[in-house]
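*Asks:* Got a file for you: upload.pdb, PDB, C-alpha atoms.
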```
ATOM      1  CA  MET A  22      81.806  43.529 111.797
ATOM      2  CA  GLN A  23      79.367  40.919 113.043
ATOM      3  CA  LEU A  24      79.348  42.593 116.486
ATOM      4  CA  LEU A  25      78.515  45.958 114.872
ATOM      5  CA  LYS A  26      75.706  44.372 112.886
ATOM      6  CA  ARG A  27      74.257  42.806 116.030
ATOM      7  CA  LYS A  28      74.343  46.153 117.845
ATOM      8  CA  LYS A  29      72.700  47.866 114.895
ATOM      9  CA  SER A  30      69.947  45.262 114.675
ATOM     10  CA  ARG A  31      69.262  45.621 118.401
ATOM     11  CA  GLN A  32      69.008  49.401 118.081
ATOM     12  CA  GLU A  33      66.583  49.058 115.159
ATOM     13  CA  LYS A  34      64.421  46.687 117.187
ATOM     14  CA  LEU A  35      64.372  49.066 120.107
ATOM     15  CA  THR A  36      63.456  52.044 117.970
ATOM     16  CA  ASP A  37      60.716  50.115 116.194
ATOM     17  CA  SER A  38      59.152  48.789 119.388
ATOM     18  CA  ASP A  39      59.854  51.333 122.114
ATOM     19  CA  VAL A  40      59.460  54.718 120.409
ATOM     20  CA  PRO A  41      55.841  54.221 119.243
ATOM     21  CA  ALA A  42      55.001  52.747 122.630
ATOM     22  CA  LEU A  43      56.140  55.918 124.303
ATOM     23  CA  ASN A  44      53.674  57.857 122.187
ATOM     24  CA  GLY A  45      50.848  55.612 123.291
ATOM     25  CA  ILE A  46      50.769  53.471 120.088
ATOM     26  CA  ASN A  47      52.443  50.151 119.513
ATOM     27  CA  LYS A  48      53.989  49.010 116.248
ATOM     28  CA  ASP A  49      50.671  47.479 115.127
ATOM     29  CA  GLY A  50      48.980  50.865 115.364
ATOM     30  CA  LYS A  51      46.984  50.026 118.499
ATOM     31  CA  ALA A  52      46.894  52.137 121.648
ATOM     32  CA  THR A  53      48.998  50.847 124.489
ATOM     33  CA  THR A  54      47.704  50.401 128.012
ATOM     34  CA  ASP A  55      48.624  52.583 130.973
ATOM     35  CA  SER A  56      50.827  49.872 132.430
ATOM     36  CA  THR A  57      52.813  49.661 129.193
ATOM     37  CA  GLN A  58      53.213  53.431 129.106
ATOM     38  CA  ASN A  59      54.322  53.466 132.736
ATOM     39  CA  GLU A  60      56.894  50.771 132.057
ATOM     40  CA  SER A  61      58.260  52.668 129.056
ATOM     41  CA  SER A  62      58.412  55.923 131.023
ATOM     42  CA  GLU A  63      60.231  54.119 133.828
ATOM     43  CA  ASP A  64      62.738  52.838 131.272
ATOM     44  CA  VAL A  65      63.349  56.382 130.050
ATOM     45  CA  LEU A  66      63.785  57.657 133.611
ATOM     46  CA  SER A  67      66.181  54.827 134.403
ATOM     47  CA  ALA A  68      68.156  55.699 131.281
ATOM     48  CA  LEU A  69      68.377  59.308 132.455
ATOM     49  CA  GLY A  70      69.405  58.097 135.887
ATOM     50  CA  ASP A  71      72.191  56.041 134.339
ATOM     51  CA  MET A  72      73.880  59.160 132.954
ATOM     52  CA  PRO A  73      77.452  59.409 134.226
ATOM     53  CA  ILE A  74      78.005  61.671 137.209
ATOM     54  CA  THR A  75      80.750  63.492 135.329
ATOM     55  CA  GLU A  76      78.187  65.028 132.960
ATOM     56  CA  HIS A  77      76.208  66.395 135.899
ATOM     57  CA  LEU A  78      79.380  67.770 137.462
ATOM     58  CA  ILE A  79      80.381  69.432 134.192
ATOM     59  CA  GLU A  80      76.951  71.034 133.946
ATOM     60  CA  LEU A  81      77.151  72.177 137.570
ATOM     61  CA  ARG A  82      80.591  73.647 136.972
ATOM     62  CA  ARG A  83      79.254  75.597 133.998
ATOM     63  CA  HIS A  84      76.518  77.186 136.125
ATOM     64  CA  LEU A  85      78.950  77.931 138.962
ATOM     65  CA  ILE A  86      81.301  79.679 136.532
ATOM     66  CA  LYS A  87      78.425  81.852 135.321
ATOM     67  CA  ILE A  88      77.539  82.748 138.919
ATOM     68  CA  CYS A  89      81.138  83.689 139.727
ATOM     69  CA  VAL A  90      81.430  85.768 136.571
ATOM     70  CA  ALA A  91      78.202  87.648 137.356
ATOM     71  CA  VAL A  92      79.318  88.404 140.922
ATOM     72  CA  LEU A  93      82.753  89.463 139.656
ATOM     73  CA  ILE A  94      81.266  91.844 137.075
ATOM     74  CA  ILE A  95      79.036  93.494 139.667
ATOM     75  CA  PHE A  96      81.958  93.659 142.110
ATOM     76  CA  LEU A  97      84.185  95.381 139.556
ATOM     77  CA  GLY A  98      81.426  97.883 138.885
ATOM     78  CA  LEU A  99      81.019  98.655 142.605
ATOM     79  CA  VAL A 100      84.619  98.480 143.841
ATOM     80  CA  GLY A 101      85.156 102.146 143.016
ATOM     81  CA  TYR A 102      82.339 103.013 145.422
ATOM     82  CA  SER A 103      83.437 100.709 148.245
ATOM     83  CA  ARG A 104      84.063 103.576 150.672
ATOM     84  CA  GLU A 105      80.661 105.104 149.905
ATOM     85  CA  LEU A 106      79.035 101.728 150.511
ATOM     86  CA  TYR A 107      80.727 101.425 153.884
ATOM     87  CA  ASN A 108      79.700 104.974 154.781
ATOM     88  CA  PHE A 109      76.105 104.035 153.965
ATOM     89  CA  LEU A 110      76.387 100.939 156.161
ATOM     90  CA  SER A 111      77.959 102.836 159.067
ATOM     91  CA  ASP A 112      75.494 105.765 159.013
ATOM     92  CA  PRO A 113      73.184 104.190 161.645
ATOM     93  CA  LEU A 114      76.129 103.715 164.019
ATOM     94  CA  VAL A 115      77.684 107.124 163.424
ATOM     95  CA  ALA A 116      74.321 108.772 164.100
ATOM     96  CA  GLN A 117      74.182 107.102 167.543
ATOM     97  CA  LEU A 118      77.773 107.815 168.621
ATOM     98  CA  PRO A 119      78.559 110.697 170.990
ATOM     99  CA  ALA A 120      79.935 113.942 169.594
ATOM    100  CA  ASN A 121      83.603 113.159 170.324
ATOM    101  CA  SER A 122      83.445 109.501 169.249
ATOM    102  CA  THR A 123      84.293 107.973 165.866
ATOM    103  CA  MET A 124      84.837 104.555 164.337
ATOM    104  CA  ILE A 125      88.355 103.151 164.517
ATOM    105  CA  ALA A 126      90.521 100.578 162.706
ATOM    106  CA  THR A 127      92.578  98.352 165.018
ATOM    107  CA  ASP A 128      94.291  96.554 162.129
ATOM    108  CA  ILE A 129      96.391  98.276 159.484
ATOM    109  CA  THR A 130      94.558  96.397 156.691
ATOM    110  CA  SER A 131      91.052  97.064 158.019
ATOM    111  CA  ASN A 132      90.722 100.384 156.185
ATOM    112  CA  PHE A 133      91.084  98.502 152.909
ATOM    113  CA  MET A 134      89.646  95.055 153.620
ATOM    114  CA  ALA A 135      86.413  96.066 155.372
ATOM    115  CA  PRO A 136      85.023  98.065 152.408
ATOM    116  CA  ILE A 137      86.147  95.333 149.984
ATOM    117  CA  ARG A 138      84.378  92.637 152.030
ATOM    118  CA  LEU A 139      81.247  94.741 152.071
ATOM    119  CA  THR A 140      81.461  95.245 148.294
ATOM    120  CA  VAL A 141      81.684  91.478 147.746
ATOM    121  CA  PHE A 142      78.606  90.976 149.906
ATOM    122  CA  VAL A 143      76.681  93.686 148.041
ATOM    123  CA  ALA A 144      77.685  92.167 144.687
ATOM    124  CA  ALA A 145      76.399  88.737 145.750
ATOM    125  CA  PHE A 146      73.297  90.396 147.203
ATOM    126  CA  LEU A 147      72.494  92.166 143.918
ATOM    127  CA  ALA A 148      73.271  89.044 141.878
ATOM    128  CA  MET A 149      70.939  86.873 143.955
ATOM    129  CA  PRO A 150      68.170  86.685 141.288
ATOM    130  CA  TYR A 151      70.717  85.552 138.685
ATOM    131  CA  ILE A 152      72.266  83.077 141.139
ATOM    132  CA  LEU A 153      68.870  81.525 141.852
ATOM    133  CA  TYR A 154      68.133  81.462 138.113
ATOM    134  CA  GLN A 155      71.305  79.455 137.489
ATOM    135  CA  ILE A 156      70.390  77.053 140.280
ATOM    136  CA  TRP A 157      66.927  76.743 138.748
ATOM    137  CA  SER A 158      68.434  76.056 135.297
ATOM    138  CA  PHE A 159      70.477  73.211 136.776
ATOM    139  CA  VAL A 160      67.594  71.652 138.731
ATOM    140  CA  ALA A 161      64.665  72.286 136.360
ATOM    141  CA  PRO A 162      65.375  69.489 133.804
ATOM    142  CA  GLY A 163      64.824  66.900 136.547
ATOM    143  CA  LEU A 164      61.467  68.276 137.672
ATOM    144  CA  TYR A 165      57.957  67.437 136.534
ATOM    145  CA  LYS A 166      55.602  70.080 135.154
ATOM    146  CA  LYS A 167      53.617  70.227 138.397
ATOM    147  CA  GLU A 168      56.808  70.757 140.385
ATOM    148  CA  LYS A 169      57.936  73.498 138.008
ATOM    149  CA  ARG A 170      54.639  75.353 138.444
ATOM    150  CA  VAL A 171      55.176  75.357 142.201
ATOM    151  CA  ALA A 172      58.912  76.095 142.095
ATOM    152  CA  ILE A 173      58.747  79.302 140.034
ATOM    153  CA  PRO A 174      56.471  81.238 142.465
ATOM    154  CA  VAL A 175      58.518  79.881 145.368
ATOM    155  CA  LEU A 176      61.749  81.212 143.837
ATOM    156  CA  LEU A 177      60.269  84.650 143.139
ATOM    157  CA  SER A 178      58.736  84.953 146.589
ATOM    158  CA  SER A 179      61.944  83.767 148.292
ATOM    159  CA  ILE A 180      63.961  86.485 146.507
ATOM    160  CA  PHE A 181      61.466  89.161 147.530
ATOM    161  CA  LEU A 182      61.317  87.956 151.135
ATOM    162  CA  PHE A 183      65.100  87.816 151.447
ATOM    163  CA  TYR A 184      65.432  91.402 150.225
ATOM    164  CA  ALA A 185      62.615  92.441 152.559
ATOM    165  CA  GLY A 186      64.370  90.815 155.522
ATOM    166  CA  VAL A 187      67.662  92.594 154.823
ATOM    167  CA  ALA A 188      65.872  95.939 154.365
ATOM    168  CA  PHE A 189      63.934  95.412 157.612
ATOM    169  CA  SER A 190      67.134  94.651 159.526
ATOM    170  CA  TYR A 191      68.930  97.739 158.165
ATOM    171  CA  PHE A 192      66.220 100.386 158.411
ATOM    172  CA  ILE A 193      64.473  99.218 161.591
ATOM    173  CA  VAL A 194      66.388  96.646 163.634
ATOM    174  CA  LEU A 195      69.938  97.969 163.281
ATOM    175  CA  LYS A 196      69.118 101.447 164.559
ATOM    176  CA  GLY A 197      67.238 100.116 167.593
ATOM    177  CA  VAL A 198      69.966  97.628 168.509
ATOM    178  CA  LEU A 199      72.771 100.190 168.212
ATOM    179  CA  LYS A 200      70.822 102.733 170.234
ATOM    180  CA  PHE A 201      70.258 100.137 172.952
ATOM    181  CA  PHE A 202      73.957  99.203 173.233
ATOM    182  CA  ILE A 203      75.248 102.775 173.183
ATOM    183  CA  MET A 204      72.644 103.954 175.666
ATOM    184  CA  PHE A 205      73.826 101.420 178.262
ATOM    185  CA  ALA A 206      77.514 102.294 177.871
ATOM    186  CA  PRO A 207      79.148 103.470 181.140
ATOM    187  CA  GLN A 208      79.744 107.190 181.482
ATOM    188  CA  ASN A 209      83.533 106.837 181.674
ATOM    189  CA  VAL A 210      83.640 104.737 178.481
ATOM    190  CA  LEU A 211      83.670 106.422 175.083
ATOM    191  CA  PRO A 212      82.273 103.975 172.481
ATOM    192  CA  MET A 213      84.543 103.615 169.456
ATOM    193  CA  THR A 214      83.670 100.588 167.359
ATOM    194  CA  ASP A 215      86.171  98.834 165.122
ATOM    195  CA  ILE A 216      85.127  98.873 161.474
ATOM    196  CA  ASP A 217      85.763  95.128 161.036
ATOM    197  CA  SER A 218      83.721  94.250 164.121
ATOM    198  CA  TYR A 219      80.850  96.459 163.007
ATOM    199  CA  LEU A 220      80.880  94.948 159.509
ATOM    200  CA  SER A 221      80.752  91.395 160.867
ATOM    201  CA  PHE A 222      77.961  92.382 163.250
ATOM    202  CA  ALA A 223      75.890  94.019 160.486
ATOM    203  CA  LEU A 224      76.373  91.205 157.941
ATOM    204  CA  LYS A 225      75.387  88.598 160.511
ATOM    205  CA  LEU A 226      72.265  90.597 161.323
ATOM    206  CA  PHE A 227      71.379  90.921 157.625
ATOM    207  CA  MET A 228      71.794  87.196 156.967
ATOM    208  CA  VAL A 229      69.757  86.222 160.035
ATOM    209  CA  PHE A 230      66.821  88.431 159.095
ATOM    210  CA  GLY A 231      67.080  87.588 155.393
ATOM    211  CA  LEU A 232      66.834  83.864 156.141
ATOM    212  CA  THR A 233      64.162  84.419 158.797
ATOM    213  CA  PHE A 234      61.877  86.067 156.283
ATOM    214  CA  GLU A 235      61.912  82.795 154.305
ATOM    215  CA  ILE A 236      59.748  81.141 156.978
ATOM    216  CA  PRO A 237      56.467  81.484 154.992
ATOM    217  CA  VAL A 238      58.049  79.744 151.997
ATOM    218  CA  VAL A 239      59.502  76.964 154.148
ATOM    219  CA  THR A 240      56.199  76.453 155.980
ATOM    220  CA  LEU A 241      54.276  76.302 152.716
ATOM    221  CA  LEU A 242      56.700  73.832 151.144
ATOM    222  CA  LEU A 243      56.605  71.532 154.169
ATOM    223  CA  ILE A 244      52.805  71.447 154.052
ATOM    224  CA  LEU A 245      52.616  70.953 150.277
ATOM    225  CA  ALA A 246      55.199  68.159 150.471
ATOM    226  CA  GLY A 247      53.121  66.372 153.091
ATOM    227  CA  ILE A 248      55.865  66.412 155.721
ATOM    228  CA  VAL A 249      53.601  68.266 158.137
ATOM    229  CA  SER A 250      49.907  69.117 158.095
ATOM    230  CA  ILE A 251      48.048  72.328 158.817
ATOM    231  CA  GLN A 252      46.254  70.726 161.739
ATOM    232  CA  SER A 253      49.463  69.529 163.383
ATOM    233  CA  LEU A 254      51.042  72.987 163.062
ATOM    234  CA  GLU A 255      47.965  74.600 164.589
ATOM    235  CA  GLU A 256      48.046  72.171 167.486
ATOM    236  CA  LYS A 257      51.738  72.865 168.107
ATOM    237  CA  ARG A 258      51.464  76.638 167.683
ATOM    238  CA  ARG A 259      52.385  77.413 171.307
ATOM    239  CA  TYR A 260      55.548  75.322 171.061
ATOM    240  CA  ILE A 261      56.481  76.984 167.766
ATOM    241  CA  ILE A 262      56.095  80.439 169.327
ATOM    242  CA  VAL A 263      58.361  79.414 172.208
ATOM    243  CA  GLY A 264      60.823  78.030 169.665
ATOM    244  CA  CYS A 265      60.827  81.354 167.787
ATOM    245  CA  PHE A 266      61.848  83.192 170.948
ATOM    246  CA  ALA A 267      64.468  80.551 171.748
ATOM    247  CA  VAL A 268      66.033  80.760 168.281
ATOM    248  CA  ALA A 269      65.953  84.562 168.398
ATOM    249  CA  ALA A 270      67.724  84.544 171.756
ATOM    250  CA  VAL A 271      70.518  82.358 170.331
ATOM    251  CA  VAL A 272      71.174  83.991 166.934
ATOM    252  CA  THR A 273      70.741  87.660 167.878
ATOM    253  CA  PRO A 274      73.030  89.849 170.005
ATOM    254  CA  PRO A 275      72.523  89.553 173.773
ATOM    255  CA  ASP A 276      69.825  92.198 174.156
ATOM    256  CA  GLY A 277      66.074  92.111 174.448
ATOM    257  CA  VAL A 278      65.412  94.560 171.619
ATOM    258  CA  SER A 279      66.941  92.499 168.829
ATOM    259  CA  MET A 280      65.454  89.294 170.258
ATOM    260  CA  LEU A 281      61.927  90.752 170.185
ATOM    261  CA  MET A 282      62.471  92.280 166.738
ATOM    262  CA  LEU A 283      63.389  88.840 165.421
ATOM    263  CA  ALA A 284      61.048  86.589 167.423
ATOM    264  CA  ILE A 285      57.868  88.558 166.711
ATOM    265  CA  PRO A 286      58.427  88.676 162.898
ATOM    266  CA  MET A 287      59.271  84.952 162.975
ATOM    267  CA  TRP A 288      55.959  84.213 164.634
ATOM    268  CA  LEU A 289      54.011  86.489 162.270
ATOM    269  CA  LEU A 290      55.754  85.018 159.222
ATOM    270  CA  PHE A 291      54.902  81.516 160.402
ATOM    271  CA  GLU A 292      51.248  82.566 160.698
ATOM    272  CA  LEU A 293      51.468  84.021 157.185
ATOM    273  CA  GLY A 294      52.777  80.754 155.768
ATOM    274  CA  LEU A 295      50.045  78.834 157.577
ATOM    275  CA  PHE A 296      47.410  81.222 156.222
ATOM    276  CA  LEU A 297      48.684  80.860 152.650
ATOM    277  CA  ALA A 298      48.698  77.075 153.004
ATOM    278  CA  LYS A 299      45.055  77.164 154.111
ATOM    279  CA  ILE A 300      44.141  79.191 151.037
ATOM    280  CA  LEU A 301      46.017  76.954 148.599
ATOM    281  CA  ILE A 302      44.834  73.642 150.075
ATOM    282  CA  LYS A 303      41.317  74.862 150.768
ATOM    283  CA  GLU A 304      39.936  73.185 147.651
ATOM    284  CA  LYS A 305      41.260  69.710 148.502
ATOM    285  CA  PRO A 306      38.588  68.704 151.062
ATOM    286  CA  SER A 307      35.835  69.822 148.717
ATOM    287  CA  THR A 308      37.156  67.645 145.877
ATOM    288  CA  ASP A 309      37.451  64.677 148.222
ATOM    289  CA  LEU A 310      33.876  65.265 149.377
ATOM    290  CA  ILE A 311      32.620  65.333 145.787
ATOM    291  CA  SER A 312      34.378  62.068 144.996
ATOM    292  CA  THR A 313      32.890  60.349 148.046
ATOM    293  CA  VAL A 314      29.396  61.573 147.157
ATOM    294  CA  LYS A 315      29.741  60.212 143.625
ATOM    295  CA  GLU A 316      30.811  56.845 144.976
TER
END
```
Reformat the file's structure so that it appears as structure tokens.

*Replies:*
Amino acid sequence: MQLLKRKKSRQEKLTDSDVPALNGINKDGKATTDSTQNESSEDVLSALGDMPITEHLIELRRHLIKICVAVLIIFLGLVGYSRELYNFLSDPLVAQLPANSTMIATDITSNFMAPIRLTVFVAAFLAMPYILYQIWSFVAPGLYKKEKRVAIPVLLSSIFLFYAGVAFSYFIVLKGVLKFFIMFAPQNVLPMTDIDSYLSFALKLFMVFGLTFEIPVVTLLLILAGIVSIQSLEEKRRYIIVGCFAVAAVVTPPDGVSMLMLAIPMWLLFELGLFLAKILIKEKPSTDLISTVKE
């Protein structure tokens, strides 16, 4: 009983002294200084940091379950149209094949598994806004207001750019790459692509271009975080352009068409991110100049 009384008296002392101080007023009714407020805020942050890791894991598991349920619901709604989805994916290849050529299945399970794999990818693709929302819900409580104002436009723009990259790879890049490969086929070889191989090829191409279109967001975040500066990126522009072509040569199929179709957008997207950073940070030198003039 005495131990409980001691704990209770300590809690009362803390609530009487610390809570008003957090509001900027001490128990005597006087305003606290900035140092006192900073110390109290640091105490609150340390208390939040002392939360057990199990609570964070439980919260993360809750968001992951919601993501899996959303993808599963979309998958169940699309599984009846899995063959139509694969037909839509294979239309660019079928249009380039010779008259007597068709797609083939070298494995007995490919006729079933390839459309199902594609349906899972489409379900995750359509659920991407909800997936990012769940990630945002998990991360947002630990962010400051300034960070939240920056994070929301970044999330929205990253979703749009990812969709734009996948659409660009399907409607523009895929047709050119397939035409290039089929055009250079020997005359005594009749191209007949396996459906599993074509699916893996197309999904890899979609992911590469979807992630590549995130370059403006990544460039902007690196500049806003102070990791790199606009001036340093401008000075190293020639090396970045060479790096774009080197990365494109590694991640794309071994042909010049797909390499150029990836390297050139990478370079242009980098310039777009640099341009947006100049617009957003354009006001900073002026404010610094005003402060120096006042001094």

*Asks:* By how many Å are CA of Val239 (chain A) and CA of Val92 (chain A) apart?

*Replies:*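 Rounded to one decimal, the two atoms are 26.4 Å apart.
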
*Asks:* Determine the residue set returned by the PyMOL selection byres ((chain A and resi 157) around 12) for the present structure, and present it as a list in words.

*Replies:*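 On this input, the PyMOL selection byres ((chain A and resi 157) around 12) captures Leu81, His84, Pro150, Tyr151, Ile152, Leu153, Tyr154, Gln155, Ile156, Ser158, Phe159, Val160, Ala161, Pro162, Gly163, Leu164, Glu168, Lys169, Ala172, Ile173, Pro174, Val175, Leu176 and Leu177 of chain A.
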
*Asks:* Excluding Leu211 (chain A) and its own-chain neighbours fewer than 4 positions away, which residues fall within 9 Å of it when counting only C-alpha atoms? Please give them as a list in words.

*Replies:*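 In the requested form, the answer reads Leu118, Pro119, Asn121, Ser122, Ala206 and Pro207 of chain A.
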
*Asks:* On this structure, the PyMOL selection byres ((chain A and resi 185) around 12) would catch which residues? List them as JSON, numbers by chain, sorted by chain and number.

*Replies:* {"A": [178, 179, 180, 181, 182, 183, 184, 186, 187, 188, 189, 190, 191, 192, 193, 227, 228, 230, 231, 232, 233, 234, 235, 286]}

*Asks:* When you count all atoms listed in the file, which of these residues is closest to Pro274 (chain A): A:Lys167, A:Lys200, A:Lys225, A:His77?

*Replies:*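 Between A:Lys167, A:Lys200, A:Lys225, A:His77, the residue approaching Pro274 (chain A) most closely is A:Lys225.
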
*Asks:* Using all atoms listed in the file, which of the listed residues (A:Leu93, A:Ala223, A:Leu147, A:Val171) sits closest to Tyr107 (chain A)?

*Replies:*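 Looking at the shortest contact to Tyr107 (chain A), the residue is A:Ala223.
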
*Asks:* What is the CA of Thr140 (chain A)-CA of Asp112 (chain A) distance in Å, reported with one decimal?

*Replies:* 16.2 Å

*Asks:* Apply the PyMOL selection byres ((chain A and resi 265) around 10) to the displayed file and report the matching residues as a short mmCIF file (atom, residue, chain, number, x, y, z; two decimals) with C-alpha atoms, in the coordinates of the input.

*Replies:*
```cif
data_model
loop_
_atom_site.label_atom_id
_atom_site.label_comp_id
_atom_site.auth_asym_id
_atom_site.auth_seq_id
_atom_site.Cartn_x
_atom_site.Cartn_y
_atom_site.Cartn_z
CA ARG A 259 52.38 77.41 171.31
CA TYR A 260 55.55 75.32 171.06
CA ILE A 261 56.48 76.98 167.77
CA ILE A 262 56.10 80.44 169.33
CA VAL A 263 58.36 79.41 172.21
CA GLY A 264 60.82 78.03 169.66
CA PHE A 266 61.85 83.19 170.95
CA ALA A 267 64.47 80.55 171.75
CA VAL A 268 66.03 80.76 168.28
CA ALA A 269 65.95 84.56 168.40
CA ALA A 270 67.72 84.54 171.76
CA MET A 280 65.45 89.29 170.26
CA LEU A 281 61.93 90.75 170.18
CA LEU A 283 63.39 88.84 165.42
CA ALA A 284 61.05 86.59 167.42
CA ILE A 285 57.87 88.56 166.71
CA PRO A 286 58.43 88.68 162.90
CA MET A 287 59.27 84.95 162.98
CA TRP A 288 55.96 84.21 164.63
CA PHE A 291 54.90 81.52 160.40
#
```

*Asks:* Leaving out Ile216 (chain A) and any residue of its chain fewer than 5 positions from it, which residues lie within 12 Å of it when counting all atoms listed in the file, given as a ChimeraX atom specification?

*Replies:* /A:104,107-108,110-111,114-115,123-136,138-139,221-223

*Asks:* Distance CA of Phe201 (chain A)-CA of Val278 (chain A), one decimal place?

*Replies:*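 Distance reported for this atom pair: 7.5 Å.
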
*Asks:* Give the answer as one residue: which of A:Ser279, A:Ile137, A:Phe202, A:Ile248 has the shortest atom-to-atom distance to Glu105 (chain A), using all atoms listed in the file?

*Replies:*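 Residue with the minimum atom-to-atom distance to Glu105 (chain A): A:Ile137.
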
*Asks:* So that I can check the surroundings of region 292-300 of chain A, please list as a list in words every protein, DNA and RNA residue that reaches within 6 Å of it, counting only C-alpha atoms and ignoring chain neighbours fewer than 6 positions away.

*Replies:*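 The residues that qualify are Pro237, Thr240 and Leu241 of chain A.
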
*Asks:* Find the residues around Val141 (chain A) up to 12 Å (all atoms listed in the file counted), leave out those fewer than 6 positions away in its own chain, and share them as a VMD selection string.

*Replies:* chain A and resid 89 91 to 100 102 to 103 106 to 107 134 to 135 147 to 148 224

*Asks:* Of the candidates A:Ile236, A:Leu195, A:Ile244, A:Ala144, which shows the shortest atom-to-atom distance to Leu220 (chain A), using all atoms listed in the file?

*Replies:*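 Checking each of A:Ile236, A:Leu195, A:Ile244, A:Ala144 against Leu220 (chain A), counting all atoms listed in the file, the winner is A:Leu195.
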
*Asks:* Have a look at A:Gly197, A:Gly247, A:Gly277, A:Pro212 and name the one nearest to Pro113 (chain A); count only C-alpha atoms.

*Replies:*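 When distances to Pro113 (chain A) are compared using only C-alpha atoms, the smallest one comes from A:Gly197.
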
*Asks:* Assuming 4 Å of padding per side, give the centre and edge lengths of the axis-aligned box around every listed atom of region 228-247 of chain A, in Å to one decimal and as AutoDock Vina command-line options.

*Replies:*
```
--center_x 62.2 --center_y 77.4 --center_z 155.2 --size_x 27.2 --size_y 30.1 --size_z 17.8
```
